[in-house]
Each structure stands twice: as structure tokens, then as C-alpha cells.
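For reference, the structure discussed in these notes is given below.
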Amino acid sequence: MSDPIGTYTFLPWIRRGIANKIAASTKLRASIDVRIDIEATKKGGGALPPVQVPRKVELYGPGDIVGIERAQISRVEPRHWVTNFEPNYLAAIEFYDEDFPWRYTPAAPNGKRLLPWIALVVLKEGKEFTEGGNVAGKPLSYIDVTGDLAAVFPNASELWAWAHAHFNADLSDKVVEPDGAKAAQAAQQVIDHAPDTACSRLLCPRKLEPKTAYHAFLIPAFESGRLAGLGRDPKPFFDDAANALTPTSSSWAPYANRPDATSFPFYHRWYFRTAEDGDFESLVRLLKPKIVDSRVVLTGISQGGFG
């Protein structure tokens with residue numbers, strides 16, 4: 001009996017719980033509208049008419065996060081200290097929780113697109129960054145990026161394309177339907193009954209070079225997270241109209257009063273080095289066809305054997 005063929009489904013984003021109610025954002029955080037029903041009785045007895053009090057509640061965002069639990073990371077690719085990684089592959093990091101890359105994104109999804117609140121970047125050792133020196137007052141370790149940020153960081157508006165949820169299950173009949181609720185329900189069933197068969201993943205879109213040492217960094221994707229990781233209160237920078245910051249402003253986008261412009265805190269890092277050649281496919285593509293020598297006799301296979 002042959003082994004069954006594995007089936008996988010990839011979803012562009014997942015949210016669970018109250019984050020699905022996000023419809024708007026304040027200057028710094030996402031917010032939701034809630035209604036509080038108050039019932040009371042008079043001091044001398046007797047019920048008062050019920051009162052409904054509307055309130056706008058802010059949710060935790062990247063500016064409130066100054067570290068992640070290491071156990072949340074289930075795998076990195078390549079593994080730490082691998083020295084022969086195929087240069088035509090992409091670095092990646094996986095998380096156990098399927099909704100983790102979008103959990104603290106302070107915005108509502110735009111159709112099938114939702115920016116993750118974290119990003120994976122890969123930098124050359126000794127050429128594109130230096131270790132942050134003064135860590136006093138900074139809750140996270142950090143690096144200083146040298147050179148042009150636009151040259152080594154991905155396009156911030158396209159980060160949605162480099163994050164996805166991975167399911168070892170066939171959800172294709174639900175995903176292709178315009179009703180996203182059916183896909184969400186099918187994904188939730190997998191999460192509830194077989195959570196170890198699903199994960200979330202971030203990719204770094206950077207094209208790697210052969211025989212090069214790299215460091216991969218998991219960093220805040222939004223400016224509020226970068227400021228918090230550097231020990232700064234994000235609120236004054238977001239309240240300053242001259243900065244024109246929004247809750248999803250990129251952590252590497254320039255603005256007027258940007259502090260520590262080249263400093264980037266990170267939640268996790270690892271080291272690897274690429275090999276000289278790529279994977280098997282890249283080696284096969286290097287083969288060049290040649291004309292067969294006239295002295296070579298070609299034989300064919302017939303029903304009776306070799307002819």
C-alpha cells in the first residue's frame with residue numbers, strides 16, 4: 001500500500017477572538033466599540049431603568065510588546081549555524097500559534113490582505129549592521145543598520161504577501177468561496193481538533209548570495225513596536241502631527257522627527273551561511289546539451305527486448 005499524498009492549505013491570514021472585531025484604529029492602537037449594560041437598584045429599593053453605555057476600547061498593539069516567548073517559535077529555516085544553506089532558497093520562521101503574525105496588527109484586513117505586526121529581515125554579517133552598544137533603558141537587544149535601509153529591507157507595503165498560515169489539511173473547497181466565514185470555520189475545526197497540524201510562517205523575500213554569512217532578525221514591522229523595543233514611549237511621536245504616523249506605519253519608513261533612525265530592536269535572531277551552489281534543480285539547470293559522438297550507437301527498447 002502506497003503512502004497517502006500530503007495535502008496542504010495556505011491561508012493569507014488568520015485572526016481569533018476579539019481581534020476579529022477590529023474596524024478602526026486610534027493614533028496608536030486598534031480599537032473596538034463595546035456596549036456596557038448597567039443594571040442598578042435604588043438605595044431605598046426598587047429597580048432603576050437599565051442603561052447602555054457605549055465605549056471605545058483600545059487593544060494591545062505592537063507598541064505594548066517588548067518580547068515574545070521563545071516557545072512560540074517552532075522552527076527556523078535554515079537552522080541556527082547551518083553553513084551550507086542553498087542560496088536560491090528563502091529564510092523563514094514558523095510559529096506554533098496559527099494567528100501569531102497578525103495577532104497585534106492594529107488594523108482591519110483589506111480583503112485577503114493583512115499586514116503582520118512582525119517582519120523577518122536577513123542582513124550580511126560584517127557589512128550591513130553593527131551590534132547595538134548602549135542597552136541601558138532598552139528592553140530589547142538591537143542592531144544598527146548601516147547603509148540604505150531601502151536596499152536591505154523588504155517593501156513594507158508587501159509584507160502581507162510574505163506571511164501565511166499553513167494547514168496539513170485540504171480546505172480548498174472552503175477557501176475558494178467568497179464567504180470567508182466558511183474558510184474561518186474550517187480552519188478553526190483543524191485548530192480545535194489537531195492543533196499540531198497547523199502553524200504560521202514568515203518569509204524573508206531577500207535573494208541570498210552564495211558563500212555569504214547572514215544573520216536573520218525577527219523585528220517589529222510597525223514603528224510603534226520599534227520605538228517600544230528601544231525603550232521609548234511611542235505616544236508622543238504618534239501625537240506629533242508633523243510625523244504623520246499611523247498605527248501601521250513601517251518601522252523603517254523615514255519621517256520628520258524619527259529617533260534612532262537606524263536602530264532596530266529584535267525579538268529573535270539566528271546565524272547561517274550559504275553554500276556555493278543551490279539545490280538539486282539549480283544544478284540540473286547548469287547541464288548543457290552536447291551532440292553525441294558519431295561512434296556512439298543508440299539502441300531502443302522493443303517488445304522483445306533491446307533492439
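For the C-alpha cells, the naming scheme is as follows: chains receive sequential letters (A, B, ...) according to their order of presentation, residues are indexed from 1 within each chain, and ligands are indexed from 1 in presentation order.
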message: Would you pick out the contacts of segment 91-96 of chain A at 6 Å or less, using only C-alpha atoms, so that residues sharing its chain but fewer than 3 positions from it are not included, and give the list as a PyMOL selection string?
response: chain A and resi 72-77+199-204
Per-residue nearest contacts segment 52-154 of chain A to segment 35-45 of chain A, cut-off 12 Å, using only C-alpha atoms, as CSV:
```
residue,atom,partner,partner_atom,distance
A:Gln52,CA,A:Asp37,CA,4.6
A:Val53,CA,A:Ile36,CA,5.0
A:Pro54,CA,A:Arg35,CA,4.5
A:Arg55,CA,A:Arg35,CA,6.1
A:Lys56,CA,A:Arg35,CA,8.7
A:Val57,CA,A:Arg35,CA,10.0
```
task: Just the residues within 8 Å of segment 13-29 of chain A, please, counting only C-alpha atoms, with nothing from its chain fewer than 3 positions along; format it as a list in words.
output: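 The residues that qualify are Ile32, Glu58, Leu59, Tyr60, Gly61, Gly63, Glu98, Asp99, Trp102, Arg103, Pro106, Ala107, Ala108, Lys112, Arg113, Leu114, Ala163, His164, Ala165, Ala184, Ser224, Pro234, Lys235, Phe238, Asp239, Leu245, Thr246 and Pro247 of chain A.
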Write out the residues from the selection above, keeping N, CA, C and O atoms, as a JSON list (two decimals), in the first residue's frame.
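Once written, out-v2.json looks like this:
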```json
[["chain", "number", "residue", "atom", "x", "y", "z"],
["A", 32, "ILE", "N", -12.05, 48.87, 19.40],
["A", 32, "ILE", "CA", -13.34, 48.27, 19.09],
["A", 32, "ILE", "C", -14.41, 48.99, 19.91],
["A", 32, "ILE", "O", -14.13, 49.56, 20.98],
["A", 58, "GLU", "N", -9.39, 50.33, 23.45],
["A", 58, "GLU", "CA", -8.17, 50.07, 22.69],
["A", 58, "GLU", "C", -7.61, 48.70, 23.03],
["A", 58, "GLU", "O", -7.66, 48.25, 24.18],
["A", 59, "LEU", "N", -7.09, 48.01, 22.01],
["A", 59, "LEU", "CA", -6.49, 46.70, 22.19],
["A", 59, "LEU", "C", -4.97, 46.83, 22.24],
["A", 59, "LEU", "O", -4.39, 47.80, 21.74],
["A", 60, "TYR", "N", -4.33, 45.84, 22.83],
["A", 60, "TYR", "CA", -2.87, 45.82, 22.82],
["A", 60, "TYR", "C", -2.37, 45.81, 21.38],
["A", 60, "TYR", "O", -2.93, 45.15, 20.51],
["A", 61, "GLY", "N", -1.29, 46.56, 21.15],
["A", 61, "GLY", "CA", -0.68, 46.62, 19.83],
["A", 61, "GLY", "C", 0.80, 46.42, 19.90],
["A", 61, "GLY", "O", 1.37, 46.13, 20.98],
["A", 63, "GLY", "N", 3.17, 48.47, 20.04],
["A", 63, "GLY", "CA", 3.82, 49.38, 20.98],
["A", 63, "GLY", "C", 3.75, 48.92, 22.42],
["A", 63, "GLY", "O", 4.39, 49.51, 23.29],
["A", 98, "GLU", "N", -1.33, 29.70, 15.07],
["A", 98, "GLU", "CA", -1.64, 29.98, 13.68],
["A", 98, "GLU", "C", -1.91, 31.45, 13.41],
["A", 98, "GLU", "O", -1.75, 31.92, 12.28],
["A", 99, "ASP", "N", -2.32, 32.21, 14.43],
["A", 99, "ASP", "CA", -2.67, 33.61, 14.22],
["A", 99, "ASP", "C", -1.58, 34.57, 14.67],
["A", 99, "ASP", "O", -1.76, 35.79, 14.62],
["A", 102, "TRP", "N", -0.37, 38.04, 12.96],
["A", 102, "TRP", "CA", -1.36, 39.11, 12.79],
["A", 102, "TRP", "C", -2.06, 39.46, 14.10],
["A", 102, "TRP", "O", -2.95, 40.30, 14.12],
["A", 103, "ARG", "N", -1.65, 38.85, 15.20],
["A", 103, "ARG", "CA", -2.38, 38.99, 16.47],
["A", 103, "ARG", "C", -2.44, 40.43, 16.96],
["A", 103, "ARG", "O", -3.45, 40.87, 17.49],
["A", 106, "PRO", "N", -2.61, 46.48, 14.34],
["A", 106, "PRO", "CA", -3.64, 47.45, 14.72],
["A", 106, "PRO", "C", -4.46, 47.94, 13.54],
["A", 106, "PRO", "O", -4.58, 49.15, 13.30],
["A", 107, "ALA", "N", -5.03, 47.02, 12.79],
["A", 107, "ALA", "CA", -5.81, 47.42, 11.61],
["A", 107, "ALA", "C", -6.73, 46.27, 11.22],
["A", 107, "ALA", "O", -6.52, 45.11, 11.59],
["A", 108, "ALA", "N", -7.76, 46.62, 10.48],
["A", 108, "ALA", "CA", -8.67, 45.62, 9.92],
["A", 108, "ALA", "C", -8.10, 45.10, 8.61],
["A", 108, "ALA", "O", -7.34, 45.79, 7.94],
["A", 112, "LYS", "N", -8.25, 40.00, 1.40],
["A", 112, "LYS", "CA", -7.39, 38.87, 1.75],
["A", 112, "LYS", "C", -6.01, 39.33, 2.21],
["A", 112, "LYS", "O", -5.11, 38.50, 2.40],
["A", 113, "ARG", "N", -5.83, 40.63, 2.41],
["A", 113, "ARG", "CA", -4.53, 41.16, 2.81],
["A", 113, "ARG", "C", -4.59, 41.73, 4.22],
["A", 113, "ARG", "O", -5.50, 42.48, 4.56],
["A", 114, "LEU", "N", -3.60, 41.34, 5.02],
["A", 114, "LEU", "CA", -3.47, 41.88, 6.36],
["A", 114, "LEU", "C", -1.98, 41.90, 6.70],
["A", 114, "LEU", "O", -1.31, 40.86, 6.68],
["A", 163, "ALA", "N", 3.68, 36.34, 4.59],
["A", 163, "ALA", "CA", 3.19, 35.70, 5.81],
["A", 163, "ALA", "C", 1.97, 34.86, 5.45],
["A", 163, "ALA", "O", 1.16, 35.26, 4.61],
["A", 164, "HIS", "N", 1.85, 33.71, 6.07],
["A", 164, "HIS", "CA", 0.68, 32.86, 5.81],
["A", 164, "HIS", "C", 0.51, 31.84, 6.94],
["A", 164, "HIS", "O", 1.43, 31.60, 7.73],
["A", 165, "ALA", "N", -0.67, 31.26, 7.00],
["A", 165, "ALA", "CA", -0.95, 30.14, 7.91],
["A", 165, "ALA", "C", -0.94, 28.86, 7.09],
["A", 165, "ALA", "O", -1.47, 28.81, 5.98],
["A", 184, "ALA", "N", -12.90, 30.32, 7.62],
["A", 184, "ALA", "CA", -12.53, 30.51, 9.02],
["A", 184, "ALA", "C", -13.05, 29.37, 9.89],
["A", 184, "ALA", "O", -12.37, 28.89, 10.79],
["A", 224, "SER", "N", 5.54, 51.78, 15.99],
["A", 224, "SER", "CA", 5.23, 51.75, 17.42],
["A", 224, "SER", "C", 5.99, 50.62, 18.12],
["A", 224, "SER", "O", 6.47, 50.79, 19.25],
["A", 234, "PRO", "N", 5.95, 55.39, 22.52],
["A", 234, "PRO", "CA", 5.54, 55.74, 21.15],
["A", 234, "PRO", "C", 4.54, 56.89, 21.09],
["A", 234, "PRO", "O", 4.47, 57.59, 20.07],
["A", 235, "LYS", "N", 3.77, 57.12, 22.15],
["A", 235, "LYS", "CA", 2.64, 58.06, 22.07],
["A", 235, "LYS", "C", 3.04, 59.47, 21.63],
["A", 235, "LYS", "O", 2.39, 60.03, 20.74],
["A", 238, "PHE", "N", 3.47, 59.67, 17.90],
["A", 238, "PHE", "CA", 2.24, 59.49, 17.14],
["A", 238, "PHE", "C", 1.30, 60.68, 17.31],
["A", 238, "PHE", "O", 0.48, 60.96, 16.44],
["A", 239, "ASP", "N", 1.43, 61.39, 18.43],
["A", 239, "ASP", "CA", 0.61, 62.58, 18.64],
["A", 239, "ASP", "C", 1.13, 63.79, 17.87],
["A", 239, "ASP", "O", 0.39, 64.75, 17.64],
["A", 245, "LEU", "N", 2.28, 59.84, 11.48],
["A", 245, "LEU", "CA", 2.34, 58.40, 11.71],
["A", 245, "LEU", "C", 0.94, 57.82, 11.86],
["A", 245, "LEU", "O", 0.04, 58.44, 12.40],
["A", 246, "THR", "N", 0.78, 56.58, 11.37],
["A", 246, "THR", "CA", -0.45, 55.82, 11.54],
["A", 246, "THR", "C", -0.11, 54.53, 12.31],
["A", 246, "THR", "O", 1.07, 54.19, 12.44],
["A", 247, "PRO", "N", -1.10, 53.80, 12.80],
["A", 247, "PRO", "CA", -0.81, 52.57, 13.54],
["A", 247, "PRO", "C", -0.01, 51.55, 12.74],
["A", 247, "PRO", "O", 0.68, 50.72, 13.34]]
```
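When only C-alpha atoms are used to measure the gap to Asp170 of chain A, the shortest distance among A:Thr197, A:Thr274, A:Ser250, A:Thr262 belongs to A:Thr197.
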query: Hey, what does DSSP flag as alpha helix (DSSP H) within segment 128-217 of chain A? Can you give it to me as number ranges by chain?
result: A: 149-152, 172-175, 180-193
Would you mind exporting N, CA, C and O atoms of the selected residues as an mmCIF file, in the first residue's frame?
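result_38.cif, freshly written:
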```
data_model
loop_
_atom_site.group_PDB
_atom_site.id
_atom_site.type_symbol
_atom_site.label_atom_id
_atom_site.label_comp_id
_atom_site.auth_asym_id
_atom_site.auth_seq_id
_atom_site.Cartn_x
_atom_site.Cartn_y
_atom_site.Cartn_z
ATOM 1 N N LEU A 149 18.525 51.783 4.068
ATOM 2 C CA LEU A 149 17.535 50.851 4.605
ATOM 3 C C LEU A 149 16.693 50.228 3.491
ATOM 4 O O LEU A 149 16.355 49.047 3.546
ATOM 5 N N ALA A 150 16.361 51.017 2.476
ATOM 6 C CA ALA A 150 15.525 50.510 1.389
ATOM 7 C C ALA A 150 16.211 49.393 0.610
ATOM 8 O O ALA A 150 15.545 48.570 -0.023
ATOM 9 N N ALA A 151 17.543 49.352 0.671
ATOM 10 C CA ALA A 151 18.278 48.342 -0.088
ATOM 11 C C ALA A 151 18.311 46.986 0.607
ATOM 12 O O ALA A 151 18.499 45.953 -0.054
ATOM 13 N N VAL A 152 18.138 46.962 1.922
ATOM 14 C CA VAL A 152 18.269 45.698 2.662
ATOM 15 C C VAL A 152 16.955 45.255 3.304
ATOM 16 O O VAL A 152 16.853 44.115 3.759
ATOM 17 N N SER A 172 -9.539 23.418 0.563
ATOM 18 C CA SER A 172 -9.675 24.133 -0.712
ATOM 19 C C SER A 172 -11.122 24.435 -1.062
ATOM 20 O O SER A 172 -11.425 25.493 -1.628
ATOM 21 N N ASP A 173 -12.052 23.535 -0.723
ATOM 22 C CA ASP A 173 -13.445 23.788 -1.086
ATOM 23 C C ASP A 173 -14.041 24.946 -0.302
ATOM 24 O O ASP A 173 -15.010 25.567 -0.736
ATOM 25 N N LYS A 174 -13.446 25.272 0.854
ATOM 26 C CA LYS A 174 -13.935 26.403 1.653
ATOM 27 C C LYS A 174 -13.197 27.695 1.292
ATOM 28 O O LYS A 174 -13.785 28.772 1.277
ATOM 29 N N VAL A 175 -11.911 27.577 0.980
ATOM 30 C CA VAL A 175 -11.094 28.766 0.727
ATOM 31 C C VAL A 175 -11.516 29.484 -0.540
ATOM 32 O O VAL A 175 -11.474 30.709 -0.625
ATOM 33 N N GLY A 180 -15.850 34.268 3.470
ATOM 34 C CA GLY A 180 -14.689 33.971 4.289
ATOM 35 C C GLY A 180 -15.021 33.262 5.577
ATOM 36 O O GLY A 180 -14.164 32.612 6.183
ATOM 37 N N ALA A 181 -16.274 33.352 6.032
ATOM 38 C CA ALA A 181 -16.662 32.709 7.284
ATOM 39 C C ALA A 181 -16.527 31.192 7.194
ATOM 40 O O ALA A 181 -16.195 30.529 8.177
ATOM 41 N N LYS A 182 -16.777 30.621 6.016
ATOM 42 C CA LYS A 182 -16.675 29.174 5.863
ATOM 43 C C LYS A 182 -15.227 28.714 5.961
ATOM 44 O O LYS A 182 -14.923 27.677 6.562
ATOM 45 N N ALA A 183 -14.322 29.485 5.382
ATOM 46 C CA ALA A 183 -12.901 29.154 5.491
ATOM 47 C C ALA A 183 -12.441 29.273 6.938
ATOM 48 O O ALA A 183 -11.685 28.437 7.439
ATOM 49 N N ALA A 184 -12.902 30.322 7.619
ATOM 50 C CA ALA A 184 -12.534 30.506 9.017
ATOM 51 C C ALA A 184 -13.051 29.372 9.888
ATOM 52 O O ALA A 184 -12.365 28.889 10.794
ATOM 53 N N GLN A 185 -14.278 28.918 9.612
ATOM 54 C CA GLN A 185 -14.856 27.826 10.387
ATOM 55 C C GLN A 185 -14.079 26.528 10.167
ATOM 56 O O GLN A 185 -13.801 25.789 11.112
ATOM 57 N N ALA A 186 -13.706 26.261 8.910
ATOM 58 C CA ALA A 186 -12.945 25.046 8.615
ATOM 59 C C ALA A 186 -11.573 25.089 9.264
ATOM 60 O O ALA A 186 -11.087 24.089 9.810
ATOM 61 N N ALA A 187 -10.922 26.259 9.221
ATOM 62 C CA ALA A 187 -9.612 26.400 9.858
ATOM 63 C C ALA A 187 -9.722 26.225 11.365
ATOM 64 O O ALA A 187 -8.867 25.598 12.001
ATOM 65 N N GLN A 188 -10.785 26.762 11.971
ATOM 66 C CA GLN A 188 -10.968 26.655 13.416
ATOM 67 C C GLN A 188 -11.168 25.201 13.835
ATOM 68 O O GLN A 188 -10.702 24.786 14.915
ATOM 69 N N GLN A 189 -11.827 24.417 13.016
ATOM 70 C CA GLN A 189 -12.015 22.996 13.332
ATOM 71 C C GLN A 189 -10.677 22.266 13.391
ATOM 72 O O GLN A 189 -10.452 21.428 14.270
ATOM 73 N N VAL A 190 -9.776 22.606 12.462
ATOM 74 C CA VAL A 190 -8.451 21.995 12.490
ATOM 75 C C VAL A 190 -7.697 22.426 13.744
ATOM 76 O O VAL A 190 -7.068 21.618 14.435
ATOM 77 N N ILE A 191 -7.761 23.718 14.061
ATOM 78 C CA ILE A 191 -7.058 24.236 15.234
ATOM 79 C C ILE A 191 -7.578 23.599 16.516
ATOM 80 O O ILE A 191 -6.811 23.265 17.421
ATOM 81 N N ASP A 192 -8.899 23.383 16.598
ATOM 82 C CA ASP A 192 -9.501 22.824 17.809
ATOM 83 C C ASP A 192 -9.189 21.337 17.983
ATOM 84 O O ASP A 192 -8.967 20.874 19.106
ATOM 85 N N HIS A 193 -9.159 20.584 16.890
ATOM 86 C CA HIS A 193 -9.041 19.124 16.991
ATOM 87 C C HIS A 193 -7.649 18.586 16.668
ATOM 88 O O HIS A 193 -7.293 17.488 17.094
#
```
field: Exercise: Glu223 of chain A partners within 8 Å, only C-alpha atoms, chain neighbours under 3 positions left out, as a ChimeraX atom specification
entry: /A:220,226-227,247-252
task: Using only C-alpha atoms, determine which residues lie at most 10 Å from Pro205 of chain A, disregarding the query and same-chain residues fewer than 6 positions distant; provide the list as a list of chain:residue names.
output: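 The contact residues come out as A:Tyr89, A:Leu90, A:Ala91, A:Ala92, A:Leu120, A:Val121, A:Val122, A:Phe153, A:Pro154, A:Asn155, A:Glu158, A:Leu159, A:Ala161, A:Trp162.
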message: I'd like the contact shell of Leu123 of chain A - 8 Å cut-off, only C-alpha atoms, skipping same-chain residues fewer than 4 positions apart - returned as a count of residues only.
response: 6
- prompt: A:Gly111, A:Pro210, A:Pro265, A:Gly225: which is nearest Gly133 of chain A, counting only C-alpha atoms?
  reply: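 Of A:Gly111, A:Pro210, A:Pro265, A:Gly225, the one nearest Gly133 of chain A, counting only C-alpha atoms, is A:Pro265.
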query: In Å, how far is it from atom CA of Val82 of chain A to atom CA of Ser263 of chain A?
result: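 Distance reported for this atom pair: 26.6 Å.
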